Every structure is written in structure tokens, then in C-alpha cells.
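> If it helps, the file is called run-v6.cif and holds mmCIF, C-alpha atoms:
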```cif
data_start
loop_
_atom_site.label_atom_id
_atom_site.label_comp_id
_atom_site.auth_asym_id
_atom_site.auth_seq_id
_atom_site.Cartn_x
_atom_site.Cartn_y
_atom_site.Cartn_z
CA MET A 1 -28.30 47.18 -30.01
CA ILE A 2 -28.75 45.26 -26.75
CA LEU A 3 -27.17 41.82 -26.43
CA GLU A 4 -28.61 39.26 -24.06
CA TYR A 5 -26.12 37.35 -21.98
CA ASN A 6 -26.16 34.81 -19.19
CA LEU A 7 -23.67 35.20 -16.37
CA GLN A 8 -23.87 31.46 -15.74
CA PHE A 9 -22.02 31.01 -19.02
CA PHE A 10 -18.89 32.26 -17.29
CA ALA A 11 -19.16 29.76 -14.42
CA LYS A 12 -16.23 27.41 -14.19
CA ASP A 13 -18.18 24.19 -14.25
CA GLY A 14 -21.41 25.19 -15.93
CA PRO A 15 -24.83 25.37 -14.25
CA GLY A 16 -24.71 24.78 -10.52
CA GLY A 17 -21.34 26.41 -9.99
CA GLU A 18 -17.95 24.91 -9.24
CA LYS A 19 -17.71 21.31 -8.09
CA THR A 20 -16.40 21.74 -4.56
CA GLU A 21 -18.49 19.22 -2.57
CA GLU A 22 -17.45 15.68 -1.76
CA PRO A 23 -19.55 13.03 -3.56
CA THR A 24 -22.46 11.56 -1.65
CA ALA A 25 -22.86 7.84 -1.03
CA LYS A 26 -25.72 7.75 -3.54
CA LYS A 27 -23.65 9.32 -6.31
CA LEU A 28 -20.80 6.87 -5.70
CA SER A 29 -23.27 3.99 -5.72
CA ASP A 30 -24.88 5.19 -8.96
CA ALA A 31 -21.45 5.63 -10.55
CA ARG A 32 -20.52 2.10 -9.50
CA LYS A 33 -23.68 0.73 -11.16
CA GLU A 34 -22.71 2.58 -14.35
CA GLY A 35 -19.26 0.99 -14.23
CA GLN A 36 -17.49 4.23 -13.30
CA VAL A 37 -14.74 3.24 -10.86
CA ALA A 38 -11.18 4.28 -10.06
CA LYS A 39 -9.31 1.55 -11.88
CA SER A 40 -6.01 1.43 -13.73
CA LYS A 41 -5.75 -0.92 -16.70
CA GLU A 42 -1.98 -0.57 -16.50
CA ILE A 43 -1.91 -2.37 -13.13
CA THR A 44 -3.52 -5.43 -14.72
CA SER A 45 -1.23 -5.29 -17.76
CA ALA A 46 1.88 -4.90 -15.60
CA PHE A 47 1.05 -7.89 -13.41
CA GLU A 48 0.14 -10.01 -16.44
CA LEU A 49 3.42 -9.12 -18.14
CA LEU A 50 5.36 -9.96 -14.99
CA ALA A 51 3.46 -13.26 -14.65
CA VAL A 52 4.33 -14.23 -18.23
CA PHE A 53 8.05 -13.92 -17.60
CA VAL A 54 7.81 -15.63 -14.21
CA ILE A 55 6.10 -18.58 -15.91
CA LEU A 56 8.72 -18.61 -18.65
CA LYS A 57 11.48 -18.50 -16.04
CA PHE A 58 10.31 -21.58 -14.16
CA TRP A 59 8.28 -23.47 -16.77
CA VAL A 60 9.97 -22.78 -20.08
CA GLY A 61 12.00 -26.00 -19.84
CA GLN A 62 8.94 -28.19 -19.36
CA LEU A 63 7.02 -26.23 -21.98
CA GLY A 64 9.85 -26.68 -24.49
CA SER A 65 10.12 -30.39 -23.76
CA SER A 66 6.37 -30.80 -24.20
CA PHE A 67 6.47 -28.90 -27.48
CA VAL A 68 9.39 -30.91 -28.86
CA GLY A 69 7.83 -34.18 -27.70
CA GLY A 70 4.50 -33.32 -29.31
CA PHE A 71 6.22 -32.23 -32.50
CA GLN A 72 8.18 -35.51 -32.70
CA HIS A 73 5.09 -37.60 -31.97
CA LEU A 74 3.10 -35.77 -34.65
CA TYR A 75 5.72 -36.24 -37.36
CA SER A 76 6.35 -39.85 -36.40
CA GLN A 77 2.70 -40.61 -37.21
CA ILE A 78 2.77 -39.12 -40.71
CA PRO A 79 4.82 -41.96 -42.35
CA GLU A 80 2.48 -44.53 -40.81
CA TYR A 81 -0.56 -42.75 -42.23
CA ILE A 82 1.10 -42.44 -45.65
CA LYS A 83 2.01 -46.13 -45.61
CA MET A 84 -1.53 -47.00 -44.52
CA TYR A 85 -3.07 -45.10 -47.42
CA ASP A 86 -0.49 -46.18 -50.07
CA GLY A 87 1.33 -42.88 -50.26
CA PHE A 88 -1.79 -40.72 -50.34
CA LEU A 89 -2.86 -38.76 -47.26
CA PRO A 90 -6.62 -37.98 -47.33
CA HIS A 91 -7.85 -34.53 -46.35
CA ALA A 92 -9.86 -35.99 -43.47
CA THR A 93 -6.76 -37.64 -42.04
CA PHE A 94 -4.75 -34.45 -42.47
CA ASP A 95 -7.47 -32.48 -40.72
CA ALA A 96 -7.49 -34.99 -37.86
CA ILE A 97 -3.70 -34.66 -37.45
CA LEU A 98 -4.00 -30.86 -37.50
CA ILE A 99 -6.77 -30.88 -34.88
CA GLN A 100 -4.75 -33.26 -32.72
CA SER A 101 -1.75 -30.95 -32.87
CA MET A 102 -3.89 -27.92 -32.03
CA VAL A 103 -5.38 -29.72 -29.02
CA GLN A 104 -1.91 -30.68 -27.86
CA LEU A 105 -0.73 -27.07 -28.21
CA LEU A 106 -3.79 -25.80 -26.34
CA LYS A 107 -3.07 -28.17 -23.46
CA MET A 108 0.42 -26.73 -23.21
CA ILE A 109 -0.60 -23.07 -23.20
CA LEU A 110 -3.89 -23.49 -21.27
CA PRO A 111 -2.23 -23.12 -17.83
CA VAL A 112 -0.63 -19.86 -19.01
CA LEU A 113 -4.01 -18.56 -20.20
CA LEU A 114 -5.71 -19.55 -16.94
CA ILE A 115 -3.02 -17.84 -14.87
CA GLY A 116 -3.36 -14.69 -17.00
CA PHE A 117 -7.14 -14.70 -16.52
CA LEU A 118 -6.76 -15.25 -12.76
CA ILE A 119 -4.29 -12.38 -12.43
CA ALA A 120 -6.55 -10.01 -14.41
CA PHE A 121 -9.53 -11.01 -12.26
CA LEU A 122 -7.63 -10.54 -9.00
CA CYS A 123 -6.24 -7.15 -10.06
CA ASP A 124 -9.75 -5.88 -10.83
CA VAL A 125 -11.20 -7.28 -7.59
CA VAL A 126 -8.40 -5.75 -5.49
CA GLN A 127 -8.86 -2.35 -7.16
CA VAL A 128 -12.66 -2.04 -7.24
CA LYS A 129 -14.00 -5.02 -5.22
CA TRP A 130 -16.45 -7.54 -6.68
CA LYS A 131 -19.60 -5.98 -8.09
CA PRO A 132 -20.14 -6.87 -11.77
CA THR A 133 -22.28 -4.68 -14.02
CA THR A 134 -23.25 -4.80 -17.70
CA LYS A 135 -23.89 -1.06 -18.04
CA PRO A 136 -20.51 -0.28 -19.71
CA LEU A 137 -21.32 -2.88 -22.41
CA GLN A 138 -24.58 -1.20 -23.37
CA PRO A 139 -24.40 1.02 -26.48
CA LYS A 140 -24.53 4.76 -25.88
CA PHE A 141 -25.55 6.95 -28.81
CA SER A 142 -23.98 9.96 -27.08
CA LYS A 143 -20.58 8.49 -27.93
CA LEU A 144 -21.43 8.95 -31.64
CA ASN A 145 -21.70 12.70 -31.16
CA PRO A 146 -18.76 14.24 -33.11
CA VAL A 147 -18.58 17.23 -30.76
CA SER A 148 -18.25 14.97 -27.70
CA GLY A 149 -15.72 12.86 -29.56
CA PHE A 150 -13.68 15.93 -30.42
CA LYS A 151 -13.71 16.97 -26.75
CA ARG A 152 -12.55 13.51 -25.68
CA ILE A 153 -9.65 13.64 -28.15
CA PHE A 154 -8.32 16.86 -26.63
CA SER A 155 -9.26 16.17 -23.02
CA ALA A 156 -6.89 15.86 -20.06
CA ASN A 157 -7.54 12.11 -20.04
CA SER A 158 -6.38 11.81 -23.65
CA LEU A 159 -3.22 13.73 -22.83
CA MET A 160 -2.59 11.37 -19.93
CA GLU A 161 -3.05 8.36 -22.21
CA LEU A 162 -0.61 9.90 -24.69
CA ALA A 163 1.90 10.50 -21.88
CA LYS A 164 1.54 6.88 -20.75
CA SER A 165 2.13 5.59 -24.31
CA ILE A 166 5.25 7.72 -24.67
CA ALA A 167 6.45 6.57 -21.23
CA LYS A 168 5.98 2.93 -22.21
CA ILE A 169 8.00 3.39 -25.40
CA VAL A 170 10.76 5.21 -23.53
CA VAL A 171 10.85 2.54 -20.81
CA ILE A 172 11.01 -0.34 -23.29
CA VAL A 173 13.69 1.34 -25.41
CA TYR A 174 15.77 2.23 -22.35
CA ALA A 175 15.39 -1.22 -20.76
CA VAL A 176 16.31 -3.04 -23.98
CA TYR A 177 19.23 -0.75 -24.84
CA SER A 178 20.77 -0.70 -21.36
CA TYR A 179 20.38 -4.44 -20.84
CA LEU A 180 21.73 -5.47 -24.24
CA LYS A 181 24.61 -3.02 -23.92
CA LYS A 182 25.46 -4.54 -20.54
CA ASN A 183 25.25 -8.11 -21.90
CA THR A 184 26.96 -7.56 -25.26
CA PRO A 185 29.92 -9.86 -24.34
CA SER A 186 27.50 -12.71 -23.63
CA MET A 187 25.85 -12.25 -27.03
CA PHE A 188 29.18 -12.70 -28.83
CA LEU A 189 29.38 -16.19 -27.31
CA LEU A 190 26.56 -17.28 -29.63
CA TYR A 191 29.16 -17.88 -32.36
CA ASP A 192 31.13 -20.36 -30.27
CA ILE A 193 28.43 -22.46 -28.54
CA SER A 194 26.04 -25.19 -29.66
CA LEU A 195 22.45 -24.62 -30.79
CA ASN A 196 20.91 -25.80 -27.51
CA GLN A 197 23.29 -23.61 -25.50
CA ALA A 198 22.50 -20.66 -27.77
CA ILE A 199 18.76 -21.18 -27.30
CA ALA A 200 19.22 -21.38 -23.52
CA LEU A 201 21.33 -18.20 -23.53
CA ILE A 202 18.84 -16.30 -25.67
CA GLY A 203 16.03 -17.54 -23.41
CA ASP A 204 17.82 -16.22 -20.31
CA LEU A 205 18.47 -12.87 -21.99
CA VAL A 206 14.83 -12.51 -23.07
CA ILE A 207 13.43 -13.51 -19.65
CA ASN A 208 15.76 -11.24 -17.68
CA LEU A 209 15.01 -8.39 -20.09
CA GLY A 210 11.32 -9.09 -19.60
CA PHE A 211 11.72 -8.80 -15.84
CA ARG A 212 13.38 -5.40 -16.24
CA ILE A 213 10.62 -4.15 -18.55
CA SER A 214 7.95 -5.49 -16.15
CA ILE A 215 9.47 -3.67 -13.18
CA PHE A 216 9.65 -0.36 -15.07
CA TYR A 217 6.13 -0.95 -16.37
CA MET A 218 4.97 -1.55 -12.78
CA LEU A 219 6.20 1.92 -11.81
CA ILE A 220 4.19 3.44 -14.66
CA ALA A 221 1.16 1.43 -13.53
CA ILE A 222 1.45 2.70 -9.94
CA VAL A 223 1.62 6.31 -11.15
CA ASP A 224 -1.39 5.69 -13.38
CA TYR A 225 -3.33 4.11 -10.49
CA VAL A 226 -2.71 7.17 -8.30
CA TYR A 227 -3.75 9.42 -11.19
CA GLN A 228 -6.95 7.42 -11.80
CA LYS A 229 -7.87 7.63 -8.10
CA MET A 230 -7.34 11.42 -8.07
CA LYS A 231 -9.20 11.86 -11.37
CA PHE A 232 -12.13 9.75 -10.18
CA LYS A 233 -12.35 11.71 -6.94
CA LYS A 234 -12.31 14.98 -8.88
CA ASP A 235 -14.88 13.77 -11.43
CA MET A 236 -17.23 12.59 -8.68
CA LYS A 237 -17.24 15.94 -6.87
CA MET A 238 -20.56 17.74 -6.88
CA THR A 239 -21.75 21.31 -6.96
CA LYS A 240 -23.75 22.66 -4.04
CA GLN A 241 -26.83 22.67 -6.26
CA GLU A 242 -26.36 18.98 -7.14
CA VAL A 243 -26.15 18.10 -3.45
CA LYS A 244 -29.34 20.05 -2.78
CA ASP A 245 -31.14 18.43 -5.72
CA GLU A 246 -30.09 14.96 -4.61
CA TYR A 247 -31.28 15.66 -1.08
CA LYS A 248 -34.61 16.83 -2.47
CA ASN A 249 -34.95 13.70 -4.58
CA GLN A 250 -34.14 11.44 -1.65
CA GLU A 251 -35.85 13.20 1.21
CA GLY A 252 -38.41 15.20 -0.73
CA ASP A 253 -38.55 18.92 -1.42
CA PRO A 254 -38.53 20.76 1.96
CA GLN A 255 -41.15 23.20 0.69
CA VAL A 256 -43.41 20.36 -0.44
CA LYS A 257 -42.92 18.53 2.85
CA SER A 258 -43.66 21.74 4.75
CA LYS A 259 -46.90 22.17 2.81
CA GLN A 260 -47.81 18.54 3.48
CA ARG A 261 -47.19 18.99 7.20
CA ALA A 262 -49.29 22.17 7.17
CA ARG A 263 -52.16 20.34 5.47
CA MET A 264 -51.93 17.45 7.95
CA GLN A 265 -51.90 19.88 10.88
CA GLU A 266 -54.89 21.72 9.46
CA ALA A 267 -56.82 18.45 9.03
CA SER A 268 -55.88 17.45 12.58
CA ARG A 269 -57.11 20.83 13.91
CA ARG A 270 -60.41 20.45 12.07
CA ARG A 271 -60.98 17.00 13.59
CA MET A 272 -60.00 18.38 17.00
CA MET A 273 -62.45 21.30 16.74
CA GLN A 274 -65.23 18.94 15.60
CA LYS A 275 -64.83 16.90 18.81
CA LEU A 276 -64.51 19.97 21.03
CA PRO A 277 -68.28 20.23 21.78
CA GLU A 278 -67.99 16.89 23.61
CA ALA A 279 -65.64 18.40 26.23
CA ASP A 280 -66.65 18.81 29.89
CA VAL A 281 -64.45 21.81 30.59
CA VAL A 282 -61.84 24.08 28.97
CA ILE A 283 -58.91 25.01 31.23
CA THR A 284 -57.18 28.27 30.22
CA ASN A 285 -54.08 30.32 30.95
CA PRO A 286 -56.29 32.52 30.34
CA THR A 287 -54.92 34.15 27.15
CA HIS A 288 -52.09 31.94 25.86
CA TYR A 289 -53.23 28.34 26.40
CA ALA A 290 -56.51 26.45 26.30
CA VAL A 291 -56.96 22.71 26.97
CA ALA A 292 -60.32 20.91 26.61
CA ILE A 293 -60.84 17.97 29.03
CA LYS A 294 -63.42 15.19 28.96
CA TYR A 295 -64.07 12.37 31.40
CA ASP A 296 -65.85 9.23 30.14
CA PRO A 297 -65.53 6.17 32.43
CA GLU A 298 -66.67 3.91 29.59
CA LEU A 299 -63.65 4.92 27.46
CA TYR A 300 -60.85 5.57 29.95
CA ASP A 301 -60.30 5.35 33.69
CA ALA A 302 -58.94 8.90 33.73
CA PRO A 303 -59.83 12.21 32.03
CA PHE A 304 -58.31 12.80 28.61
CA VAL A 305 -57.53 15.79 26.38
CA ILE A 306 -59.92 16.40 23.46
CA ALA A 307 -58.29 19.60 22.17
CA LYS A 308 -55.54 22.04 23.01
CA GLY A 309 -54.04 25.15 21.49
CA ALA A 310 -51.93 28.22 22.04
CA ASP A 311 -52.53 31.90 21.24
CA TYR A 312 -54.84 32.14 18.19
CA LEU A 313 -55.96 28.51 18.42
CA ALA A 314 -56.58 28.94 22.16
CA GLN A 315 -58.94 31.82 21.37
CA LYS A 316 -60.77 29.67 18.81
CA ILE A 317 -61.16 26.89 21.40
CA LYS A 318 -62.61 29.32 23.93
CA GLU A 319 -65.00 30.79 21.33
CA THR A 320 -66.23 27.33 20.37
CA ALA A 321 -66.58 26.41 24.06
CA LYS A 322 -68.77 29.47 24.65
CA GLU A 323 -70.91 28.65 21.61
CA ASN A 324 -71.47 25.13 22.97
CA HIS A 325 -72.00 26.25 26.58
CA ILE A 326 -68.86 24.51 27.85
CA GLU A 327 -67.47 25.83 31.12
CA ILE A 328 -64.17 27.73 30.89
CA VAL A 329 -62.03 27.58 34.03
CA GLU A 330 -58.91 29.68 34.50
CA ASN A 331 -55.99 27.76 36.04
CA LYS A 332 -52.64 28.98 34.73
CA PRO A 333 -50.29 26.29 36.15
CA LEU A 334 -52.62 23.43 35.23
CA ALA A 335 -53.21 24.78 31.70
CA ARG A 336 -49.45 25.03 31.09
CA MET A 337 -48.78 21.53 32.47
CA LEU A 338 -51.53 19.92 30.39
CA TYR A 339 -50.51 21.75 27.21
CA ALA A 340 -46.85 20.81 27.59
CA ASN A 341 -47.21 17.17 28.71
CA VAL A 342 -50.40 15.70 27.20
CA ASP A 343 -51.10 15.26 23.48
CA VAL A 344 -54.55 15.49 21.94
CA GLY A 345 -56.28 12.20 22.74
CA GLY A 346 -53.84 11.51 25.57
CA ILE A 347 -54.82 10.59 29.14
CA VAL A 348 -54.07 12.99 31.98
CA PRO A 349 -50.99 11.75 33.89
CA PRO A 350 -51.41 10.55 37.52
CA GLU A 351 -49.57 13.54 38.98
CA LEU A 352 -52.31 15.84 37.61
CA TYR A 353 -55.29 13.69 38.67
CA GLN A 354 -55.99 15.74 41.79
CA ALA A 355 -55.93 19.15 40.08
CA VAL A 356 -58.08 17.99 37.13
CA ALA A 357 -60.52 16.21 39.47
CA GLU A 358 -61.04 19.41 41.44
CA VAL A 359 -61.82 21.33 38.24
CA LEU A 360 -64.24 18.65 37.03
CA ALA A 361 -65.93 18.53 40.45
CA PHE A 362 -66.38 22.31 40.31
CA VAL A 363 -67.88 22.13 36.82
CA TYR A 364 -70.19 19.23 37.71
CA HIS A 365 -71.37 21.17 40.79
CA LEU A 366 -72.21 24.20 38.63
CA LYS A 367 -74.22 22.03 36.23
CA GLY A 368 -75.92 20.21 39.06
CA LYS A 369 -74.42 16.82 38.13
CA VAL A 370 -73.13 16.30 41.68
#
```
Let me see whether you can do it: turn the structure in this file into C-alpha cells.

Amino acid sequence: MILEYNLQFFAKDGPGGEKTEEPTAKKLSDARKEGQVAKSKEITSAFELLAVFVILKFWVGQLGSSFVGGFQHLYSQIPEYIKMYDGFLPHATFDAILIQSMVQLLKMILPVLLIGFLIAFLCDVVQVKWKPTTKPLQPKFSKLNPVSGFKRIFSANSLMELAKSIAKIVVIVYAVYSYLKKNTPSMFLLYDISLNQAIALIGDLVINLGFRISIFYMLIAIVDYVYQKMKFKKDMKMTKQEVKDEYKNQEGDPQVKSKQRARMQEASRRRMMQKLPEADVVITNPTHYAVAIKYDPELYDAPFVIAKGADYLAQKIKETAKENHIEIVENKPLARMLYANVDVGGIVPPELYQAVAEVLAFVYHLKGKV
């Protein structure tokens, strides 16, 4: 029994070979459009967490005063409403009081929400610059594939996410335990101080503990950012075949372009050979080069090249010249100079006027034109 097998199955990274090539600018641009960037969500979360405790540190007093003042104002209105409605508070009035309290609360926390949004926006812009895309929001049915989902669950990225979650738990537990153990004497003072003093003390403990957690969390975020950069760079690498395919797609298949050039050259040769019978003389090497010259004062002030060729094409030019009774003159230096310096349809340069004029004069003399 003969089993069929494919050696490509054993390749490390599937068809195309191992991904060893640096990503091209086009691949990075396409990845950016798809929303694939080297970004750490932990950086944003760490800065937001730090911002929350900074705000609490410097604004908690004002926030507390605003909350207490709003609470007192709200409850001071309730007896007036009850008195106004003879002890019965309608649902509409109750709803209005509730909405008023919600608006007041929103005004107090709105600056915190705006600062959080601004920090999240700045963290993303600093990490990946400003180039919004909606591609990541579009549904992808490939994500519903159970096989792909199973692979994602046991991928290196999932293991990294698990490691980050464990690290966060360890950091929080360590920060809380070490800080509370250090400040245990302060906590026993809660039994001997007033309510306001106790609230202030608890607030200081919570804020300082929050700073410690934020700093540890920032270290995790930095490690995650470095990991995301390395992972993105690795994911974006390309195989040699992918680089070749991209080059073909951008520049065109070299074989196709070569065939196109060959067809264009063939068409150009056909047009050149069709005009060859109009030539006055063909100057040869005599075997390697052949250049057909024509002089028409009505078109140009100087002679110009109708056709030229080397080797096989030179022989074809000479054969066509003989068939059309065009004079063939051997002049090795002049033939080389014209072939190398004048394109088909180009005018003879001034430095070759004298040599070409002598050849034309000779040809005209033979034909009795002079």
C-alpha cells in the first residue's frame, strides 16, 4: 500500500515556509486598516486607575462636600412637597425629584468620566497614532469556527492573558496585604476617633493603597506593552513566498511583464521594418550593426534614423534593403556610433553630420541625384 504525503505538511509555518522576512510597508498598512496594531490594553487601564486615585486624592473633599450638599438640598425639599400636596407625594413629583438628584450626581462625576475618556484616548494615540478604523467592529464569521476558537483558547496569546490575570491578582493581594499590615496601628485608631476623622483616615488608606496598586499595575502594563510589540512584529513577519507574491501583485508578474515587453518590442520592430523601404542608405558594421538613414528637409533639418539593429536584426535590415534597392554602405565606426547614440526616429547628432553627409553624398552620386 502506497501512502501519499506532502512534505510541505512538515514545514514550520505552513505553505510558503518559515516567516523570516521583515514585513513590508504594504503589509503593515493593510494590518493597520484591519485594526491590527501593537497596543497594550493594560497601559490604558493602568493610567486610568492611577488617574482615578489622583482625582480622589485632590478632589475627594470637594466631591464629598458636593454630594453632602446635594443630599441635604434634596431631602430639605421633600417636606415642602409633602406639605404642598397635603401629605401625599405624587409619582410625577417623586420622579422629578429622582431625575433632579440623578442630574446632580452626573454633574459631580462628569469631570471624572471626561478625564477617564481623555486618558484612554491619549494612551491609544500615543501607542498607535491617530488613524481610526471600523474594521474590528465588523462581524467575522470565521470567529464562529469551533476549531479556530479551540486554537485561540490554547494559543500563546491566551497563556499570556492568563499569566497577566494571575499577575494582577498576585499584585493586588500583595499590595493590600503589605500595606494593611504596615498600617495596622492606624486602623486601630478607628475605635477612638470621630466619624468624620474615621472617614478621612479610611479615605487616606484607600487612596494610598490605590497608588501602590496602580504603580505595580503600571509595571505589568509596561511588560505587556513590550510583549505586544514583540508579538506584533513576529506576527507581521512574512515568508519569502509572501514577499514575492506581494511584489508580483504590486509591480506585476515579472514573467508577464517580460512577455509584454517582448510583444511591444516585436510591434516596434514590425513598424520599423515597414518604414525601412523609405530609407536613403543603410550603414553597416558590416556584420554586427545596421542603421538605416533618411534625409527629408521637409521633416527635419538633419538626417534621422529610420531603423537600426544588431546581429540577426541587422541581417534582416540588410536583406530588406537589398529587396528595396537601398544602398548599403560599410562604415564600421559610423555604424557603431549611430547604433549606440541615436534611437529609432532620432535625429543624427551634430558631431556626426559630416560623416553622414559624406555617405549620403556618395549614395546620391551613385543614383544620379547630384
> Which residue, A:Tyr191, A:Tyr247, A:Phe211, A:Tyr177, has the smallest gap to Ala25 of chain A when you use all atoms listed in the file?
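Going through A:Tyr191, A:Tyr247, A:Phe211, A:Tyr177 one by one, the smallest distance to Ala25 of chain A is for A:Tyr247.
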> Of the candidates A:Ala221, A:Glu323, A:Tyr300, A:Ser194, which one gets nearest to Leu49 of chain A if we count only C-alpha atoms?
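Of the candidates, the smallest distance to Leu49 of chain A is held by A:Ala221.
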> Find the residues around Pro111 of chain A up to 12 Å (all atoms listed in the file counted), leave out those fewer than 2 positions away in its own chain, and share them as a compact mmCIF listing (two decimals) with C-alpha atoms, in the frame of the given file.

```
# COMPACT_ATOMS: atom_id res chain seq x y z
CA ALA A 51 3.46 -13.26 -14.65
CA VAL A 52 4.33 -14.23 -18.23
CA ILE A 55 6.10 -18.58 -15.91
CA LEU A 56 8.72 -18.61 -18.65
CA TRP A 59 8.28 -23.47 -16.77
CA LEU A 63 7.02 -26.23 -21.98
CA LEU A 105 -0.73 -27.07 -28.21
CA LEU A 106 -3.79 -25.80 -26.34
CA LYS A 107 -3.07 -28.17 -23.46
CA MET A 108 0.42 -26.73 -23.21
CA ILE A 109 -0.60 -23.07 -23.20
CA LEU A 113 -4.01 -18.56 -20.20
CA LEU A 114 -5.71 -19.55 -16.94
CA ILE A 115 -3.02 -17.84 -14.87
CA GLY A 116 -3.36 -14.69 -17.00
CA PHE A 117 -7.14 -14.70 -16.52
CA LEU A 118 -6.76 -15.25 -12.76
```
> Which residues would end up in the selection if the PyMOL selection byres ((chain A and resi 286) around 12) were applied here, given that I need the answer as a short mmCIF file (atom, residue, chain, number, x, y, z; two decimals) with C-alpha atoms, in the coordinates of the input?

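Here's the written file out29.cif:
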```
data_model
loop_
_atom_site.label_atom_id
_atom_site.label_comp_id
_atom_site.auth_asym_id
_atom_site.auth_seq_id
_atom_site.Cartn_x
_atom_site.Cartn_y
_atom_site.Cartn_z
CA VAL A 282 -61.84 24.08 28.97
CA ILE A 283 -58.91 25.01 31.23
CA THR A 284 -57.18 28.27 30.22
CA ASN A 285 -54.08 30.32 30.95
CA THR A 287 -54.92 34.15 27.15
CA HIS A 288 -52.09 31.94 25.86
CA TYR A 289 -53.23 28.34 26.40
CA ALA A 290 -56.51 26.45 26.30
CA VAL A 291 -56.96 22.71 26.97
CA GLY A 309 -54.04 25.15 21.49
CA ALA A 310 -51.93 28.22 22.04
CA ASP A 311 -52.53 31.90 21.24
CA ALA A 314 -56.58 28.94 22.16
CA GLN A 315 -58.94 31.82 21.37
CA ILE A 317 -61.16 26.89 21.40
CA LYS A 318 -62.61 29.32 23.93
CA ILE A 328 -64.17 27.73 30.89
CA VAL A 329 -62.03 27.58 34.03
CA GLU A 330 -58.91 29.68 34.50
CA ASN A 331 -55.99 27.76 36.04
CA LYS A 332 -52.64 28.98 34.73
CA PRO A 333 -50.29 26.29 36.15
CA LEU A 334 -52.62 23.43 35.23
CA ALA A 335 -53.21 24.78 31.70
CA ARG A 336 -49.45 25.03 31.09
#
```
> At a cut-off of 9 Å, using all atoms listed in the file, what residues contact Ala307 of chain A? Leave out same-chain residues fewer than 5 positions from it and give the result as a VMD selection string.
chain A and resid 269 272 to 273 275 to 276 279 282 290 to 293 317 343 to 345
> Which value, in Å to one decimal, gives the distance between atom CA of Lys57 of chain A and atom CA of Val126 of chain A?
25.9 Å
> Output file request: segment 289-345 of chain A, with C-alpha atoms, as a PDB file, in the first residue's frame.

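Once written, decode.pdb looks like this:
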```pdb
ATOM      1  CA  TYR A 289      25.255  46.506 -36.857  1.00  0.00           C
ATOM      2  CA  ALA A 290      22.995  48.079 -39.457  1.00  0.00           C
ATOM      3  CA  VAL A 291      21.496  51.592 -39.290  1.00  0.00           C
ATOM      4  CA  ALA A 292      19.044  52.940 -41.904  1.00  0.00           C
ATOM      5  CA  ILE A 293      19.277  56.722 -42.530  1.00  0.00           C
ATOM      6  CA  LYS A 294      16.864  59.057 -44.295  1.00  0.00           C
ATOM      7  CA  TYR A 295      17.127  62.752 -45.077  1.00  0.00           C
ATOM      8  CA  ASP A 296      13.908  64.734 -45.658  1.00  0.00           C
ATOM      9  CA  PRO A 297      14.304  68.539 -45.428  1.00  0.00           C
ATOM     10  CA  GLU A 298      10.534  68.929 -45.114  1.00  0.00           C
ATOM     11  CA  LEU A 299      10.514  66.894 -41.866  1.00  0.00           C
ATOM     12  CA  TYR A 300      13.844  67.668 -40.193  1.00  0.00           C
ATOM     13  CA  ASP A 301      16.872  69.863 -40.823  1.00  0.00           C
ATOM     14  CA  ALA A 302      19.174  66.884 -40.323  1.00  0.00           C
ATOM     15  CA  PRO A 303      19.149  63.189 -41.317  1.00  0.00           C
ATOM     16  CA  PHE A 304      17.350  60.829 -38.954  1.00  0.00           C
ATOM     17  CA  VAL A 305      17.385  57.105 -38.160  1.00  0.00           C
ATOM     18  CA  ILE A 306      14.505  55.043 -39.582  1.00  0.00           C
ATOM     19  CA  ALA A 307      15.698  51.635 -38.354  1.00  0.00           C
ATOM     20  CA  LYS A 308      18.604  50.004 -36.583  1.00  0.00           C
ATOM     21  CA  GLY A 309      19.531  46.552 -35.377  1.00  0.00           C
ATOM     22  CA  ALA A 310      22.286  44.246 -34.253  1.00  0.00           C
ATOM     23  CA  ASP A 311      23.255  40.722 -35.338  1.00  0.00           C
ATOM     24  CA  TYR A 312      20.114  38.892 -36.562  1.00  0.00           C
ATOM     25  CA  LEU A 313      18.071  42.091 -36.897  1.00  0.00           C
ATOM     26  CA  ALA A 314      20.974  43.746 -38.742  1.00  0.00           C
ATOM     27  CA  GLN A 315      20.884  40.916 -41.289  1.00  0.00           C
ATOM     28  CA  LYS A 316      17.120  41.359 -41.717  1.00  0.00           C
ATOM     29  CA  ILE A 317      17.616  45.104 -42.307  1.00  0.00           C
ATOM     30  CA  LYS A 318      20.247  44.432 -44.957  1.00  0.00           C
ATOM     31  CA  GLU A 319      18.043  41.821 -46.661  1.00  0.00           C
ATOM     32  CA  THR A 320      15.104  44.224 -46.764  1.00  0.00           C
ATOM     33  CA  ALA A 321      17.401  46.995 -48.052  1.00  0.00           C
ATOM     34  CA  LYS A 322      18.547  44.755 -50.913  1.00  0.00           C
ATOM     35  CA  GLU A 323      14.957  43.825 -51.765  1.00  0.00           C
ATOM     36  CA  ASN A 324      14.056  47.527 -51.964  1.00  0.00           C
ATOM     37  CA  HIS A 325      17.233  48.542 -53.832  1.00  0.00           C
ATOM     38  CA  ILE A 326      18.551  50.654 -50.960  1.00  0.00           C
ATOM     39  CA  GLU A 327      22.289  51.300 -50.988  1.00  0.00           C
ATOM     40  CA  ILE A 328      24.305  49.541 -48.256  1.00  0.00           C
ATOM     41  CA  VAL A 329      27.492  51.341 -47.239  1.00  0.00           C
ATOM     42  CA  GLU A 330      30.092  49.795 -44.943  1.00  0.00           C
ATOM     43  CA  ASN A 331      31.448  52.210 -42.320  1.00  0.00           C
ATOM     44  CA  LYS A 332      32.299  50.451 -39.072  1.00  0.00           C
ATOM     45  CA  PRO A 333      32.973  53.464 -36.776  1.00  0.00           C
ATOM     46  CA  LEU A 334      29.948  55.395 -38.036  1.00  0.00           C
ATOM     47  CA  ALA A 335      27.640  52.361 -37.757  1.00  0.00           C
ATOM     48  CA  ARG A 336      28.713  51.784 -34.134  1.00  0.00           C
ATOM     49  CA  MET A 337      28.306  55.470 -33.206  1.00  0.00           C
ATOM     50  CA  LEU A 338      24.842  55.733 -34.757  1.00  0.00           C
ATOM     51  CA  TYR A 339      23.658  52.466 -33.196  1.00  0.00           C
ATOM     52  CA  ALA A 340      24.874  53.423 -29.733  1.00  0.00           C
ATOM     53  CA  ASN A 341      23.809  57.106 -29.650  1.00  0.00           C
ATOM     54  CA  VAL A 342      20.692  57.554 -31.814  1.00  0.00           C
ATOM     55  CA  ASP A 343      17.302  55.928 -31.194  1.00  0.00           C
ATOM     56  CA  VAL A 344      14.895  54.937 -33.948  1.00  0.00           C
ATOM     57  CA  GLY A 345      13.234  58.158 -35.104  1.00  0.00           C
TER      58      GLY A 345
END
```
